[in-house]
Amino acid sequence: MKGSHFPTVRPAADIMEAEGGVRIMANMPGVRAEDLHMLQEEGWLRIHASSHCPSPNAAGKDLRNLEFGNVEYELDIAVDAPFSAPPLATLEQGVLSVYLPAEDRGKVRFA
């Protein structure tokens with residue numbers, strides 16, 4: 001959801017070679033699968049997600065410290081090589097894993 005009042009951050013992420021393509025791992029704590037959006041445009045894979053951290057005050061408790069709150073994650077990945085198939089994504093315990101089947105793995109990079 002673009003245009004929210006939450007800060008926009010680029011998640012910590014790694015790009016690594018995998019058999020037949022490239023794997024991208026990104027930390028996205030608090031993100032649910034339904035709040036994750038990937039758009040494949042010419043030369044780009046754009047990832048956007050919204051985190052949802054429950055408010056401690058809603059449970060009737062006082063908030064003393066909040067290490068991480070709600071944010072909008074945005075990650076753009078430049079892909080100069082054509083995909084041989086659509087990207088495959090999984091989201092487990094706050095870690096997004098995207099597999100890009102690419103013929104030329106050396107042409108995938110963060111932007």
# chains A, B, ... in the order shown; residues from 1 in each chain; ligands from 1
>>> residues_around(residues="Pro11 in chain A", least_positions_apart="4", cutoff="8 Å", atoms="only C-alpha atoms", output="number ranges by chain")
A: 26-28, 73-75
>>> residues_around(residues="range 78-95 of chain A", least_positions_apart="3", cutoff="12 Å", atoms="only C-alpha atoms", output="PyMOL selection string")
chain A and resi 11-15+20-47+49-53+73+75+98-111
>>> write_last_selection(atoms="N, CA and C atoms", output="short mmCIF file (atom, residue, chain, number, x, y, z; two decimals), in the first residue's frame")
data_model
loop_
_atom_site.label_atom_id
_atom_site.label_comp_id
_atom_site.auth_asym_id
_atom_site.auth_seq_id
_atom_site.Cartn_x
_atom_site.Cartn_y
_atom_site.Cartn_z
N PRO A 11 14.98 -3.43 2.60
CA PRO A 11 15.34 -4.52 3.51
C PRO A 11 16.76 -5.01 3.28
N ALA A 12 17.36 -5.53 4.34
CA ALA A 12 18.66 -6.19 4.19
C ALA A 12 18.44 -7.40 3.29
N ALA A 13 19.27 -7.54 2.26
CA ALA A 13 19.05 -8.60 1.28
C ALA A 13 20.37 -9.11 0.73
N ASP A 14 20.34 -10.33 0.25
CA ASP A 14 21.50 -10.96 -0.40
C ASP A 14 21.06 -11.50 -1.75
N ILE A 15 21.94 -11.40 -2.75
CA ILE A 15 21.75 -12.05 -4.04
C ILE A 15 22.84 -13.09 -4.17
N GLY A 20 20.78 -22.89 -12.01
CA GLY A 20 19.83 -22.46 -13.04
C GLY A 20 19.30 -21.05 -12.87
N GLY A 21 19.84 -20.30 -11.92
CA GLY A 21 19.33 -18.95 -11.74
C GLY A 21 19.98 -18.23 -10.58
N VAL A 22 19.18 -17.37 -9.95
CA VAL A 22 19.65 -16.52 -8.86
C VAL A 22 18.63 -16.57 -7.72
N ARG A 23 19.11 -16.58 -6.47
CA ARG A 23 18.23 -16.54 -5.31
C ARG A 23 18.46 -15.22 -4.59
N ILE A 24 17.36 -14.59 -4.21
CA ILE A 24 17.39 -13.35 -3.44
C ILE A 24 16.75 -13.64 -2.09
N MET A 25 17.44 -13.30 -1.03
CA MET A 25 16.92 -13.46 0.33
C MET A 25 16.83 -12.07 0.95
N ALA A 26 15.66 -11.72 1.48
CA ALA A 26 15.47 -10.39 2.06
C ALA A 26 14.75 -10.51 3.40
N ASN A 27 15.24 -9.78 4.40
CA ASN A 27 14.60 -9.76 5.72
C ASN A 27 13.42 -8.81 5.69
N MET A 28 12.22 -9.34 5.97
CA MET A 28 11.01 -8.54 5.98
C MET A 28 10.14 -8.95 7.17
N PRO A 29 10.59 -8.66 8.41
CA PRO A 29 9.81 -9.06 9.57
C PRO A 29 8.45 -8.36 9.60
N GLY A 30 7.45 -9.11 10.00
CA GLY A 30 6.10 -8.56 10.14
C GLY A 30 5.28 -8.56 8.86
N VAL A 31 5.82 -9.09 7.75
CA VAL A 31 5.11 -9.10 6.48
C VAL A 31 4.30 -10.39 6.35
N ARG A 32 3.05 -10.24 5.92
CA ARG A 32 2.19 -11.38 5.61
C ARG A 32 2.19 -11.57 4.09
N ALA A 33 1.95 -12.80 3.65
CA ALA A 33 1.98 -13.11 2.21
C ALA A 33 1.02 -12.22 1.42
N GLU A 34 -0.13 -11.90 1.97
CA GLU A 34 -1.11 -11.08 1.25
C GLU A 34 -0.68 -9.61 1.13
N ASP A 35 0.34 -9.21 1.88
CA ASP A 35 0.84 -7.83 1.82
C ASP A 35 2.14 -7.71 1.04
N LEU A 36 2.50 -8.77 0.32
CA LEU A 36 3.71 -8.80 -0.49
C LEU A 36 3.32 -8.70 -1.95
N HIS A 37 3.95 -7.77 -2.68
CA HIS A 37 3.63 -7.56 -4.09
C HIS A 37 4.93 -7.54 -4.88
N MET A 38 4.96 -8.35 -5.96
CA MET A 38 6.11 -8.36 -6.85
C MET A 38 5.61 -8.01 -8.25
N LEU A 39 6.32 -7.11 -8.90
CA LEU A 39 5.97 -6.68 -10.24
C LEU A 39 7.18 -6.87 -11.13
N GLN A 40 7.00 -7.60 -12.20
CA GLN A 40 8.07 -7.85 -13.16
C GLN A 40 7.86 -6.90 -14.34
N GLU A 41 8.76 -5.92 -14.46
CA GLU A 41 8.72 -4.98 -15.57
C GLU A 41 9.95 -5.19 -16.42
N GLU A 42 10.00 -4.58 -17.58
CA GLU A 42 11.13 -4.75 -18.46
C GLU A 42 12.43 -4.34 -17.75
N GLY A 43 13.27 -5.32 -17.48
CA GLY A 43 14.55 -5.06 -16.85
C GLY A 43 14.53 -4.94 -15.34
N TRP A 44 13.38 -5.10 -14.70
CA TRP A 44 13.27 -4.90 -13.25
C TRP A 44 12.37 -5.94 -12.60
N LEU A 45 12.72 -6.29 -11.38
CA LEU A 45 11.81 -7.00 -10.48
C LEU A 45 11.62 -6.06 -9.30
N ARG A 46 10.40 -5.61 -9.10
CA ARG A 46 10.09 -4.65 -8.03
C ARG A 46 9.30 -5.38 -6.95
N ILE A 47 9.80 -5.25 -5.72
CA ILE A 47 9.18 -5.91 -4.57
C ILE A 47 8.72 -4.84 -3.59
N ALA A 49 6.28 -4.47 0.10
CA ALA A 49 5.58 -5.19 1.16
C ALA A 49 5.31 -4.25 2.33
N SER A 50 4.26 -4.54 3.06
CA SER A 50 3.90 -3.77 4.26
C SER A 50 4.00 -4.69 5.47
N SER A 51 4.64 -4.22 6.52
CA SER A 51 4.73 -5.01 7.74
C SER A 51 3.55 -4.69 8.65
N HIS A 52 3.24 -5.62 9.51
CA HIS A 52 2.14 -5.45 10.47
C HIS A 52 2.60 -5.93 11.83
N CYS A 53 2.97 -5.00 12.67
CA CYS A 53 3.39 -5.34 14.03
C CYS A 53 2.25 -4.98 14.97
N TYR A 73 8.36 -1.87 2.91
CA TYR A 73 9.61 -2.35 2.32
C TYR A 73 9.56 -2.15 0.81
N LEU A 75 12.16 -2.92 -2.61
CA LEU A 75 13.40 -3.47 -3.12
C LEU A 75 13.28 -3.59 -4.63
N VAL A 98 13.29 -15.35 -3.04
CA VAL A 98 12.83 -15.27 -4.43
C VAL A 98 13.86 -15.98 -5.29
N TYR A 99 13.38 -16.90 -6.12
CA TYR A 99 14.25 -17.59 -7.06
C TYR A 99 13.94 -17.08 -8.46
N LEU A 100 14.97 -16.56 -9.14
CA LEU A 100 14.83 -16.07 -10.50
C LEU A 100 15.52 -17.05 -11.45
N PRO A 101 14.75 -17.83 -12.20
CA PRO A 101 15.39 -18.68 -13.19
C PRO A 101 15.91 -17.80 -14.32
N ALA A 102 17.21 -17.67 -14.43
CA ALA A 102 17.81 -16.77 -15.42
C ALA A 102 18.88 -17.50 -16.21
N GLU A 103 18.93 -17.22 -17.48
CA GLU A 103 19.92 -17.86 -18.34
C GLU A 103 21.31 -17.29 -18.09
N ASP A 104 21.40 -16.01 -17.72
CA ASP A 104 22.70 -15.38 -17.47
C ASP A 104 22.68 -14.80 -16.06
N ARG A 105 23.18 -15.57 -15.08
CA ARG A 105 23.10 -15.17 -13.68
C ARG A 105 23.90 -13.93 -13.37
N GLY A 106 24.90 -13.61 -14.14
CA GLY A 106 25.76 -12.47 -13.87
C GLY A 106 25.10 -11.12 -14.14
N LYS A 107 23.88 -11.14 -14.65
CA LYS A 107 23.24 -9.88 -15.02
C LYS A 107 22.07 -9.53 -14.10
N VAL A 108 22.13 -9.98 -12.87
CA VAL A 108 21.11 -9.64 -11.87
C VAL A 108 21.82 -8.85 -10.77
N ARG A 109 21.28 -7.68 -10.41
CA ARG A 109 21.92 -6.83 -9.40
C ARG A 109 20.90 -5.96 -8.72
N PHE A 110 21.24 -5.49 -7.50
CA PHE A 110 20.40 -4.52 -6.81
C PHE A 110 20.51 -3.18 -7.51
N ALA A 111 19.45 -2.42 -7.45
CA ALA A 111 19.50 -1.07 -8.01
C ALA A 111 19.21 -0.07 -6.92
#
